[in-house]
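Written out below as structure tokens is the structure these notes cover.
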Amino acid sequence: MRWMHAAGRGLLVVAVLLAGYAGFGTHPGSTDPKGRGPMTLVTAGDLTDYLGPLLDDWNHSRPDEKVTLVELPDSADETRAQMISELRSGSDRFDVLNIDVAWTSEFAAAGLISPLRPSRFPLNTFLAPVVDTATFDGRLYAVPYVTNAGLLYYRKDILERAGERPPRTWAELARQARTIAPEYGMDGYAGQFLPYEGLTVNATEAVHSAGGSILRDDGALVTVDSAAARAGLEFLAGGVREGWISPKARGYKEEESRQAFQDGRLLFLRNWPYVYSMANAQGSKVAGKFGAVPLPGPSGPGTSVLGGSNLAVSSHSRHPESAADLIAYLTSERVQRQVLTEGSLPPVRASLYEDPALIRAYPYLPTLRQSVLSAEPRPKSPRYDQVSLAVQAVVQDVMALRQTPRQAVTRLSHELGSIARKG
């Protein structure tokens with residue numbers, strides 16, 4: 001998923017030994033009393049191949065603390081499953097996990113990752129909302145590495161030809177997608193609507209944009225049965241009913257939807273920032289022909305889900321001192337700049353979003369900063385995997401027009417209540 005490509009694909013599950021970890025050098029699994037030695041970094045697929053050179057630099061300067069990269073499947077769901085399986089077995093194969101921001105609570109509650117010392121990392125230099133994604137129950141369990149927020153990509157050339165501006169509201173989006181796209185033989189709008197984590201993201205954004213929520217911040221109270229949540233789901237259902245969301249879009253993940261836009265088959269696309277560079281690359285049919293704006297909402301800009309990935313230390317990692325240094329390296333301003341310029345991934349360092357040279361090269365940075373600062377996290381829950389599966393199943397039925405939004409929020413409220421009671 002691109003929300004860990006961080007997608008983001010918005011997904012770099014970096015399993016490096018992280019060390020803001022409390023108890024330096026005394027970890028029961030450590031083979032070195034000083035907590036130093038080689039490490040494993042596991043990722044869900046480095047599509048832009050930027051990570052290897054960063055690690056080469058590290059390995060050249062610190063050969064005794066070499067980092068080995070392990071790549072897991074591109075799918076975030078498959079990556080999560082493999083990571084959890086390894087960690088629950090007690091394996092020390094993975095040292096640091098660059099987990100999706102939504103998994104921090106789940107992994108922390110299950111004892112799969114260890115709490116960290118906030119003073120070890122430059123958290124005050126990060127965009128403020130990203131730090132919240134790395135905490136659970138009042139403690140820091142991870143360090144933000146890559147952030148992400150959804151953007152609305154649009155065909156600038158076509159809207160200009162039609163004398164239209166990019167949409168700021170759902171009504172404007174629906175009208176343009178319904179009336180302009182067919183004139184050019186295009187589909188109107190797509191997000192990530194296959195039933196997987198991407199659907200949870202898209203549905204949560206719709207609910208939040210309408211002023212609703214799914215769970216209270218601590219995950220203990222279900223809040224989804226509301227008029228606002230119904231309005232959010234109606235936005236998606238209405239698109240299907242009225243045809244400006246194509247049936248094909250219900251089978252899209254990040255890459256399928258990106259390819260459809262890049263091939264010139266879509267007027268509007270909700271996706272992550274990584275799309276910008278790829279769609280502007282040589283050979284793209286839409287290079288130089290599109291723009292990006294914040295996601296629309298009912299009466300103005302909407303609310304994105306905060307994506308990205310956090311670096312967390314496995315409870316079984318052996319070299320936490322080396323890991324701490326590596327995490328500091330990966331979150332340094334120099335490397336964070338390369339995360340953007342080489343990896344096309346949104347950095348967590350706030351200063352980079354105001355760098356004139358970077359803004360010239362990446363014109364979407366001010367829009368992305370605005371989206372990140374107004375974004376909200378996905379529901380925090382020790383049973384996040386079950387919460388997400390419930391959301392996916394219900395919203396799938398809404399978008400297949402098998403249930404109305406009113407029926408859906410009632411059903412989802414009941415199912416989430418059962419999950420919360422298990423906790």
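Starting from 1 in every chain, residues are counted up; chains themselves are A, B, ... following the order of the structure tokens, and ligands are numbered from 1 as listed.
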Phe290 in chain A surroundings by only C-alpha atoms, 8 Å radius, close-in-sequence under 4 positions cut, as JSON, numbers by chain: {"A": [153, 154, 155, 156, 157, 286]}
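Here CA of Ser114 in chain A stands at a distance of 10.0 Å from CA of Arg139 in chain A.
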As an NGL selection string, list the residues of range 104-319 of chain A assigned to strand (DSSP E or B) by DSSP on the backbone atoms of this structure. :A and (113 or 116 or 126 or 135-136 or 139-140 or 143-149 or 151-155 or 169 or 187-190 or 215 or 222 or 245 or 266-271 or 290-294 or 296-297 or 301 or 305-314)
Residues near range 357-363 of chain A, anyone? I mean within 10 Å using only C-alpha atoms, not counting same-chain ones fewer than 3 positions away, as a ChimeraX atom specification. /A:276-277,291-292,337,340-341,344,352-354,366-368
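Minimum distance to Asp49 in chain A across A:Tyr196, A:Leu69, A:Val96, A:Thr204 (counting only C-alpha atoms) occurs at A:Leu69.
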Got a sec: who's within 10 Å of Leu173 in chain A, counting only C-alpha atoms, leaving out chain neighbours fewer than 5 positions off, as a short mmCIF file (atom, residue, chain, number, x, y, z; two decimals) with N, CA, C and O atoms, in the first residue's frame?
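Below is the file selection_39.cif, written as the result:
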data_model
loop_
_atom_site.label_atom_id
_atom_site.label_comp_id
_atom_site.auth_asym_id
_atom_site.auth_seq_id
_atom_site.Cartn_x
_atom_site.Cartn_y
_atom_site.Cartn_z
N PRO A 166 -9.86 23.31 -10.30
CA PRO A 166 -9.92 22.03 -9.58
C PRO A 166 -10.95 22.10 -8.46
O PRO A 166 -11.11 23.15 -7.82
N PRO A 167 -11.63 21.01 -8.19
CA PRO A 167 -12.72 21.03 -7.21
C PRO A 167 -12.24 21.21 -5.77
O PRO A 167 -11.20 20.68 -5.38
N ARG A 168 -13.01 21.98 -5.01
CA ARG A 168 -12.74 22.16 -3.58
C ARG A 168 -13.78 21.44 -2.73
O ARG A 168 -13.59 21.26 -1.53
N ARG A 178 -18.68 13.73 -13.41
CA ARG A 178 -19.85 13.20 -14.11
C ARG A 178 -20.02 13.80 -15.51
O ARG A 178 -20.42 13.11 -16.44
N GLY A 188 -14.36 9.12 -14.23
CA GLY A 188 -14.36 10.36 -13.47
C GLY A 188 -13.41 10.40 -12.30
O GLY A 188 -12.55 11.29 -12.22
N TYR A 189 -13.55 9.46 -11.38
CA TYR A 189 -12.82 9.55 -10.12
C TYR A 189 -12.49 8.15 -9.63
O TYR A 189 -13.29 7.21 -9.78
N GLY A 239 -21.15 8.19 -5.79
CA GLY A 239 -20.28 8.13 -6.96
C GLY A 239 -20.49 6.87 -7.77
O GLY A 239 -20.48 6.90 -9.02
N TRP A 244 -19.85 8.23 -11.73
CA TRP A 244 -18.56 8.92 -11.83
C TRP A 244 -17.46 8.20 -11.05
O TRP A 244 -16.29 8.56 -11.14
N PHE A 268 -9.82 12.40 -12.28
CA PHE A 268 -9.43 12.68 -10.89
C PHE A 268 -8.95 11.41 -10.21
O PHE A 268 -9.53 10.33 -10.41
N LEU A 295 -7.52 17.15 -0.75
CA LEU A 295 -8.77 16.42 -0.96
C LEU A 295 -9.96 17.33 -0.68
O LEU A 295 -9.95 18.10 0.28
N PRO A 296 -11.00 17.25 -1.51
CA PRO A 296 -12.19 18.05 -1.23
C PRO A 296 -13.04 17.44 -0.13
O PRO A 296 -12.89 16.26 0.22
N GLY A 297 -13.92 18.26 0.43
CA GLY A 297 -14.86 17.81 1.45
C GLY A 297 -16.24 18.35 1.14
O GLY A 297 -16.48 18.89 0.05
#
How far is it from CA of Leu151 in chain A to CA of Leu345 in chain A, in Å with one decimal? 13.4 Å
Counting only C-alpha atoms, the option among A:Leu233, A:Leu140, A:Val224, A:Ala210 closest to Ser299 in chain A: A:Ala210
Would you list the contacts of Val398 in chain A as a count of residues only, taking every protein, DNA or RNA residue within 12 Å and counting only C-alpha atoms, but skipping same-chain residues closer than 2 positions in sequence? 34
Between CA of Val313 in chain A and CA of Pro144 in chain A, what is the distance in Å, rounded to a tenth? 12.3 Å
Counting only C-alpha atoms, which residue out of A:Asp74, A:Asp56, A:Glu197, A:Asp137 sits closest to Gly307 in chain A? A:Glu197
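Shortest atom-to-atom contact with Pro379 in chain A among A:Gln176, A:Ser61, A:Thr200, A:Ser317: A:Thr200, counting only C-alpha atoms.
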Near Trp58 in chain A, within 12 Å and counting only C-alpha atoms, which residues show up once chain neighbours fewer than 2 positions away are dropped, as a ChimeraX atom specification? /A:38-39,51-56,60-68,322-323,325-330,335
Residue contacts of Ala260 in chain A (10 Å, only C-alpha atoms) excluding same-chain residues fewer than 5 positions away, as a short mmCIF file (atom, residue, chain, number, x, y, z; two decimals) with N, CA and C atoms, in the first residue's frame:
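And here's out_16.cif as it stands now:
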data_model
loop_
_atom_site.label_atom_id
_atom_site.label_comp_id
_atom_site.auth_asym_id
_atom_site.auth_seq_id
_atom_site.Cartn_x
_atom_site.Cartn_y
_atom_site.Cartn_z
N MET A 186 -13.07 9.29 -20.56
CA MET A 186 -12.36 8.96 -19.33
C MET A 186 -13.33 8.58 -18.22
N ASP A 187 -12.80 7.85 -17.22
CA ASP A 187 -13.54 7.66 -15.99
C ASP A 187 -13.37 8.91 -15.12
N ALA A 190 -11.32 8.02 -9.04
CA ALA A 190 -10.95 6.75 -8.40
C ALA A 190 -10.07 7.03 -7.20
N ALA A 249 -12.93 0.90 -10.69
CA ALA A 249 -12.22 1.51 -9.56
C ALA A 249 -12.39 0.71 -8.28
N TYR A 252 -9.26 -1.27 -7.58
CA TYR A 252 -7.97 -0.57 -7.59
C TYR A 252 -7.32 -0.54 -6.21
N GLU A 255 -1.33 1.15 -6.95
CA GLU A 255 -0.67 1.09 -8.25
C GLU A 255 -1.63 1.01 -9.41
N ARG A 265 -6.57 7.64 -18.29
CA ARG A 265 -7.92 7.06 -18.22
C ARG A 265 -8.76 7.65 -17.11
N LEU A 266 -8.20 8.58 -16.33
CA LEU A 266 -8.91 9.14 -15.18
C LEU A 266 -8.81 10.66 -15.19
N LEU A 267 -9.91 11.31 -14.85
CA LEU A 267 -9.88 12.76 -14.69
C LEU A 267 -9.38 13.15 -13.30
N LEU A 269 -7.93 11.56 -9.37
CA LEU A 269 -7.40 10.44 -8.62
C LEU A 269 -7.04 10.87 -7.22
#
Residue nearest Ala390 in chain A among A:Arg165, A:Ile214, A:Glu205, A:His316 (counting only C-alpha atoms): A:Ile214
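Each of A:Leu215, A:Val348, A:Leu194, A:Ala220 was compared to Lys422 in chain A using only C-alpha atoms, and A:Ala220 turns out to be the nearest.
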Give me the residues of range 343-395 of chain A that have any atom at most 10 Å from an atom of range 107-112 of chain A; for each, the nearest atom pair and the distance in Å, rounded to one decimal. Use only C-alpha atoms, sort by chain and number, and format it as a Markdown table.
| residue | atom | partner | partner_atom | distance |
| --- | --- | --- | --- | --- |
| A:Ser381 | CA | A:Ala109 | CA | 8.8 |
| A:Pro382 | CA | A:Ala109 | CA | 5.6 |
| A:Arg383 | CA | A:Ala109 | CA | 8.7 |
| A:Tyr384 | CA | A:Phe107 | CA | 9.4 |
